[in-house]
$ cat protein32.txt   # compact mmCIF, C-alpha atoms
# COMPACT_ATOMS: atom_id res chain seq x y z
CA ASP H 236 64.56 138.67 71.68
CA THR H 237 64.09 140.38 75.01
CA ILE H 238 60.78 141.13 76.66
CA SER H 239 62.05 144.55 77.78
CA ALA H 240 61.54 145.89 74.22
CA VAL H 241 57.71 145.89 74.45
CA VAL H 242 55.78 148.61 72.61
CA ASP H 243 52.06 149.07 73.31
CA LEU H 244 49.93 148.06 70.30
CA LYS H 245 46.63 147.52 72.13
CA GLU H 246 44.62 149.09 69.33
CA ASN H 247 45.87 146.41 66.90
CA PHE H 248 46.59 143.18 68.80
CA SER H 249 43.78 143.18 71.31
CA ASN H 250 42.54 139.61 71.50
CA ILE H 251 44.63 136.44 71.84
CA PHE H 252 42.88 133.38 73.26
CA VAL H 253 42.51 129.58 73.09
CA GLN H 254 39.68 128.02 71.07
CA ASN H 255 39.28 124.35 70.15
CA ASN H 256 42.74 123.65 71.62
CA LYS H 257 44.39 126.20 69.27
CA ILE H 258 45.78 129.67 70.01
CA VAL H 259 43.88 132.36 68.08
CA ALA H 260 44.79 136.02 67.53
CA GLU H 261 42.19 138.55 66.43
CA PHE H 262 43.36 142.02 65.46
CA ASN H 263 42.81 144.92 63.06
CA LEU H 264 45.22 146.28 60.48
CA ASP H 265 44.88 149.71 58.88
CA HIS H 266 46.82 148.52 55.82
CA SER H 267 48.38 145.36 54.44
CA SER H 268 51.29 144.35 56.61
CA VAL H 269 53.61 141.49 57.49
CA VAL H 270 53.08 140.33 61.06
CA ASP H 271 55.65 138.11 62.78
CA PHE H 272 54.25 135.99 65.62
CA ALA H 273 56.31 133.92 68.04
CA ILE H 274 55.22 131.69 70.91
CA TYR H 275 57.49 131.42 73.96
CA ASN H 276 57.20 129.01 76.88
CA VAL H 277 57.60 130.21 80.48
CA GLN H 278 61.34 129.39 80.37
CA GLY H 279 61.71 131.93 77.53
CA ALA H 280 62.39 129.42 74.74
CA MET H 281 60.74 130.15 71.38
CA ILE H 282 58.62 127.15 70.46
CA SER H 283 56.94 128.49 67.32
CA ASN H 284 57.42 131.33 64.84
CA GLU H 285 54.91 132.30 62.13
CA LYS H 286 55.33 135.21 59.74
CA GLN H 287 52.57 136.16 57.32
CA LEU H 288 51.38 138.99 55.08
CA PHE H 289 47.84 140.06 56.03
CA ASP H 290 45.44 142.34 54.14
CA ALA H 291 43.96 145.38 55.87
CA GLY H 292 40.91 144.86 58.05
CA LYS H 293 39.81 142.55 60.84
CA ILE H 294 42.09 139.48 61.00
CA ARG H 295 41.62 136.12 62.70
CA HIS H 296 44.87 134.11 62.77
CA VAL H 297 44.88 130.53 64.09
CA PHE H 298 48.38 129.40 65.07
CA SER H 299 49.44 126.16 63.39
CA ALA H 300 51.71 125.06 66.26
CA GLU H 301 50.65 122.04 68.29
CA ILE H 302 51.69 122.94 71.82
CA PRO H 303 50.92 121.27 75.15
CA THR H 304 48.81 122.74 77.93
CA GLY H 305 50.62 125.53 79.78
CA MET H 306 51.25 129.28 79.96
CA TYR H 307 52.83 131.04 76.98
CA LEU H 308 53.90 134.49 75.82
CA ILE H 309 52.80 135.46 72.33
CA ARG H 310 54.95 138.05 70.57
CA ALA H 311 53.44 140.05 67.71
CA THR H 312 55.72 142.32 65.66
CA GLN H 313 54.44 144.65 62.96
CA ASN H 314 56.32 147.53 61.31
CA GLY H 315 59.11 147.34 63.91
CA LYS H 316 56.76 147.52 66.90
CA THR H 317 56.35 144.59 69.27
CA GLU H 318 53.72 143.55 71.78
CA TYR H 319 53.65 140.54 74.12
CA ARG H 320 50.52 138.85 75.42
CA LYS H 321 50.15 136.04 77.93
CA VAL H 322 47.89 133.09 77.11
CA ILE H 323 47.06 129.98 79.09
CA LYS H 324 46.29 126.89 77.05

$ encode --input "protein32.txt" --output "structure tokens"
Amino acid sequence: DTISAVVDLKENFSNIFVQNNKIVAEFNLDHSSVVDFAIYNVQGAMISNEKQLFDAGKIRHVFSAEIPTGMYLIRATQNGKTEYRKVIK
């Protein structure tokens, strides 16, 4: 995966943050869809990958990965479109 392939999905994947030592993504889906999330460290290595089918509506996804404190890139891919967000844990 290369970061140069970013497509703007701000209307869907608008809020990724840390809560209770877990990374949380909140987003809206117009219809049921598979979303593929990946977490990358600052060296570019993928440290977690989660793929899940979500129903339409407002979604709150808590990542299951146990990762140490640091800065990460979160990749969200839906219907062939990809967005990256930075999060500091």

$ residues_near_point --input "protein32.txt" --point "(44.3, 124.2, 71.0)" --cutoff "9 Å" --atoms "only C-alpha atoms" --output "ChimeraX atom specification"
/H:253-259,298,300-304,324

$ residues_around --input "protein32.txt" --residues "region 271-283 of chain H" --least-positions-apart "2" --cutoff "12 Å" --atoms "only C-alpha atoms" --output "ChimeraX atom specification"
/H:236-238,248,251,258-260,268-269,285-289,296-324

$ residues_near_point --input "protein32.txt" --point "(46.3, 149.9, 57.1)" --cutoff "12 Å" --atoms "only C-alpha atoms" --output "VMD selection string"
chain H and resid 247 262 to 269 289 to 294 313 to 314

$ axis_aligned_box --input "protein32.txt" --around "region 276-281 of chain H" --padding-each-side "4 Å" --output "AutoDock Vina command-line options"
--center_x 59.8 --center_y 130.5 --center_z 75.9 --size_x 13.2 --size_y 10.9 --size_z 17.1

$ build_atoms --input "protein32.txt" --residues "region 247-281 of chain H" --atoms "N, CA and C atoms" --output "compact mmCIF listing (two decimals), in the coordinates of the input"
# COMPACT_ATOMS: atom_id res chain seq x y z
N ASN H 247 45.77 147.39 67.98
CA ASN H 247 45.87 146.41 66.90
C ASN H 247 45.73 144.98 67.39
N PHE H 248 46.55 144.57 68.35
CA PHE H 248 46.59 143.18 68.80
C PHE H 248 45.87 143.07 70.13
N SER H 249 44.55 143.07 70.08
CA SER H 249 43.78 143.18 71.31
C SER H 249 43.24 141.87 71.83
N ASN H 250 43.22 140.80 71.06
CA ASN H 250 42.54 139.61 71.50
C ASN H 250 43.31 138.35 71.09
N ILE H 251 43.95 137.72 72.07
CA ILE H 251 44.63 136.44 71.84
C ILE H 251 44.08 135.47 72.86
N PHE H 252 43.58 134.31 72.39
CA PHE H 252 42.88 133.38 73.26
C PHE H 252 43.02 131.95 72.73
N VAL H 253 42.49 130.99 73.49
CA VAL H 253 42.51 129.58 73.09
C VAL H 253 41.08 129.18 72.70
N GLN H 254 40.97 128.52 71.54
CA GLN H 254 39.68 128.02 71.07
C GLN H 254 39.90 126.69 70.37
N ASN H 255 39.14 125.68 70.74
CA ASN H 255 39.28 124.35 70.15
C ASN H 255 40.72 123.85 70.20
N ASN H 256 41.37 124.09 71.34
CA ASN H 256 42.74 123.65 71.62
C ASN H 256 43.79 124.32 70.72
N LYS H 257 43.46 125.43 70.08
CA LYS H 257 44.39 126.20 69.27
C LYS H 257 44.47 127.62 69.80
N ILE H 258 45.63 128.26 69.64
CA ILE H 258 45.78 129.67 70.01
C ILE H 258 45.32 130.51 68.82
N VAL H 259 44.48 131.51 69.10
CA VAL H 259 43.88 132.36 68.08
C VAL H 259 44.20 133.82 68.40
N ALA H 260 44.57 134.58 67.37
CA ALA H 260 44.79 136.02 67.53
C ALA H 260 43.80 136.75 66.63
N GLU H 261 43.07 137.69 67.21
CA GLU H 261 42.19 138.55 66.43
C GLU H 261 42.69 139.98 66.57
N PHE H 262 42.82 140.67 65.44
CA PHE H 262 43.36 142.02 65.46
C PHE H 262 42.93 142.76 64.20
N ASN H 263 43.14 144.06 64.20
CA ASN H 263 42.81 144.92 63.06
C ASN H 263 44.08 145.52 62.48
N LEU H 264 44.11 145.61 61.16
CA LEU H 264 45.22 146.28 60.48
C LEU H 264 44.66 147.40 59.61
N ASP H 265 45.29 148.57 59.69
CA ASP H 265 44.88 149.71 58.88
C ASP H 265 45.28 149.54 57.42
N HIS H 266 46.34 148.76 57.18
CA HIS H 266 46.82 148.52 55.82
C HIS H 266 47.49 147.15 55.77
N SER H 267 47.70 146.64 54.59
CA SER H 267 48.38 145.36 54.44
C SER H 267 49.72 145.41 55.14
N SER H 268 50.06 144.33 55.83
CA SER H 268 51.29 144.35 56.61
C SER H 268 51.74 142.93 56.91
N VAL H 269 53.05 142.76 57.02
CA VAL H 269 53.61 141.49 57.49
C VAL H 269 53.61 141.52 59.01
N VAL H 270 53.08 140.46 59.61
CA VAL H 270 53.08 140.33 61.06
C VAL H 270 53.87 139.07 61.40
N ASP H 271 54.79 139.22 62.33
CA ASP H 271 55.65 138.11 62.78
C ASP H 271 55.20 137.73 64.19
N PHE H 272 54.68 136.51 64.33
CA PHE H 272 54.25 135.99 65.62
C PHE H 272 55.26 134.97 66.12
N ALA H 273 55.50 134.96 67.42
CA ALA H 273 56.31 133.92 68.04
C ALA H 273 55.62 133.50 69.34
N ILE H 274 55.75 132.22 69.66
CA ILE H 274 55.22 131.69 70.91
C ILE H 274 56.40 131.26 71.76
N TYR H 275 56.43 131.75 73.02
CA TYR H 275 57.49 131.42 73.96
C TYR H 275 56.91 130.67 75.15
N ASN H 276 57.64 129.67 75.65
CA ASN H 276 57.20 129.01 76.88
C ASN H 276 57.66 129.84 78.08
N VAL H 277 57.28 129.41 79.29
CA VAL H 277 57.60 130.21 80.48
C VAL H 277 59.10 130.25 80.79
N GLN H 278 59.89 129.36 80.20
CA GLN H 278 61.34 129.39 80.37
C GLN H 278 62.00 130.37 79.38
N GLY H 279 61.19 130.96 78.48
CA GLY H 279 61.71 131.93 77.53
C GLY H 279 62.17 131.35 76.21
N ALA H 280 61.98 130.05 76.00
CA ALA H 280 62.39 129.42 74.74
C ALA H 280 61.30 129.60 73.69
N MET H 281 61.70 130.03 72.48
CA MET H 281 60.74 130.15 71.38
C MET H 281 60.35 128.75 70.92
